[in-house]
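Heads up: the structure comes next, in structure tokens.
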Amino acid sequence: MKKNKKCICFLNTSILVLIWVLPLHAQNNNSDSTDSYFDSRIKEVGNQINYSIDDGARLFNRVAGFDKTDWIYTTAFLLGTAASFSLDTDIRDLAARNQNSTMNAITEIGEKYGNGVYAVLLSAGLFTTGLLFENQKVENTGRILFEGLLVSGALVQVIKIVSGRSRPFLNEGPFMFNFFETDFDHTSFPSGHTVVAFTTSSVLAATIKNTYASIALYSLAGLTAYQRIYSNNHWFSDTVLAAIIGTVVGNALVKINEDRANEEDSKNKFSIQPSFNQFGLQINFSMKL
């Protein structure tokens with residue numbers, strides 16, 4: 001086992017080294033090109049920080065400006081979560097009756113997919129790869145994923161502490177709430193792993209925009225939700241609310257970035273640039289079709 005861990009660690013380190021070395025190797029014969037490359041990458045990091053700040057402001061404005069339709073959806077989500085409480089005991093018992101070595105191995109995949117550490121590493125990997133190889137779509141995806149994990153994770157932690165719900169393995173029933181608790185045993189509602197999984201899947205699916213990829217990604221997230229019930233760490237309703245939060249936050253952030261990109265494209269379609277030459281003032285018009 002230790003040997004395998006060392007191999008995995010070495011492999012990860014090698015990949016990171018390659019990611020950093022390849023762009024440098026491609027430019028090592030031209031110092032001016034290298035300087036220009038690093039200057040552009042530093043500037044791009046600044047742009048991404050500004051995008052994150054703008055995303056936060058736009059997300060806040062959307063929440064503050066809830067309209068009638070938004071409140072209808074919110075009410076429906078809350079009623080759906082409340083209704084799921086009636087299924088908590090039955091689904092827990094069903095999962096307990098179907099435990100075996102095969103399901104243990106399958107559900108372990110879901111546990112890993114919902115692990116916050118792996119999700120953050122994925123976000124960092126996408127951002128770094130996109131930044132170094134000048135692929136803005138990949139770079140943006142990494143940033144949006146991190147924002148989604150931050151927002152949905154913070155929201156879930158607040159609800160966990162306020163609700164103080166007892167976990168299933170305590171055998172206190174699905175309606176035991178000890179408000180304002182911070183210990184692990186009493187922070188069941190909602191599921192942290194599930195919100196990570198659905199945030200990740202929603203951001204990637206909304207970015208990739210491929211039906212088959214979306215099915216695969218949301219299936220993985222669903223497997224995470226089932227694993228949390230299967231392992232007796234969460235009630236069914238814990239995963240329902242977490243899935244809603246992760247999906248809504250992930251899709252909202254992707255939509256915010258798409259709206260901003262469309263706004264920037266609209267601004268760049270028509271431009272007027274005044275300049276001076278030997279004949280006086282010259283005005284240049286440009287339009288993108």
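Chain lettering (A, B, ...) mirrors the order of the structure tokens, residue numbering begins at 1 for each chain separately, and ligand numbering begins at 1 in order of display.
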Nearby residues (only C-alpha atoms) at most 12 Å from A:Thr207, same-chain spacing under 4 positions excluded, as a list in words:
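Listed by chain and then number, they are Lys137, Val138, Glu139, Asn140, Thr141, Gly142, Ile144, Leu145, Thr200, Ser201, Ser202, Val203, Thr211, Ala213, Ser214, Leu217, Gly250, Asn251, Ala252, Leu253, Val254, Lys255, Asn257 and Glu258 of chain A.
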Quick one: residues within 12 Å of stretch 62-74 of chain A, only C-alpha atoms counted, chain neighbours fewer than 5 positions away excluded, as a short mmCIF file (atom, residue, chain, number, x, y, z; two decimals) with C-alpha atoms, in the first residue's frame?
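Ended up saving to around.cif:
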```cif
data_model
loop_
_atom_site.label_atom_id
_atom_site.label_comp_id
_atom_site.auth_asym_id
_atom_site.auth_seq_id
_atom_site.Cartn_x
_atom_site.Cartn_y
_atom_site.Cartn_z
CA ASP A 55 -19.41 36.93 -10.09
CA GLY A 56 -19.94 37.48 -6.38
CA ALA A 57 -21.61 40.85 -6.97
CA LEU A 79 -41.58 21.67 -0.23
CA GLY A 80 -39.78 18.89 -2.10
CA THR A 81 -37.13 18.72 0.62
CA LEU A 241 -31.41 19.58 -0.23
CA ILE A 244 -30.67 21.23 -5.03
CA ILE A 245 -28.13 23.68 -3.57
CA VAL A 248 -28.67 25.73 -8.46
CA VAL A 249 -25.38 27.38 -7.43
CA ALA A 252 -26.23 30.08 -11.69
CA LEU A 253 -22.49 30.79 -11.77
CA LYS A 255 -25.01 31.46 -16.46
CA ILE A 256 -23.51 34.59 -14.87
#
```
Once DSSP has gone over the backbone, tell me which residues of stretch 110-177 of chain A are in helix (DSSP H, G or I), as a PyMOL selection string.
chain A and resi 110-113+116-132+136-163+168-170
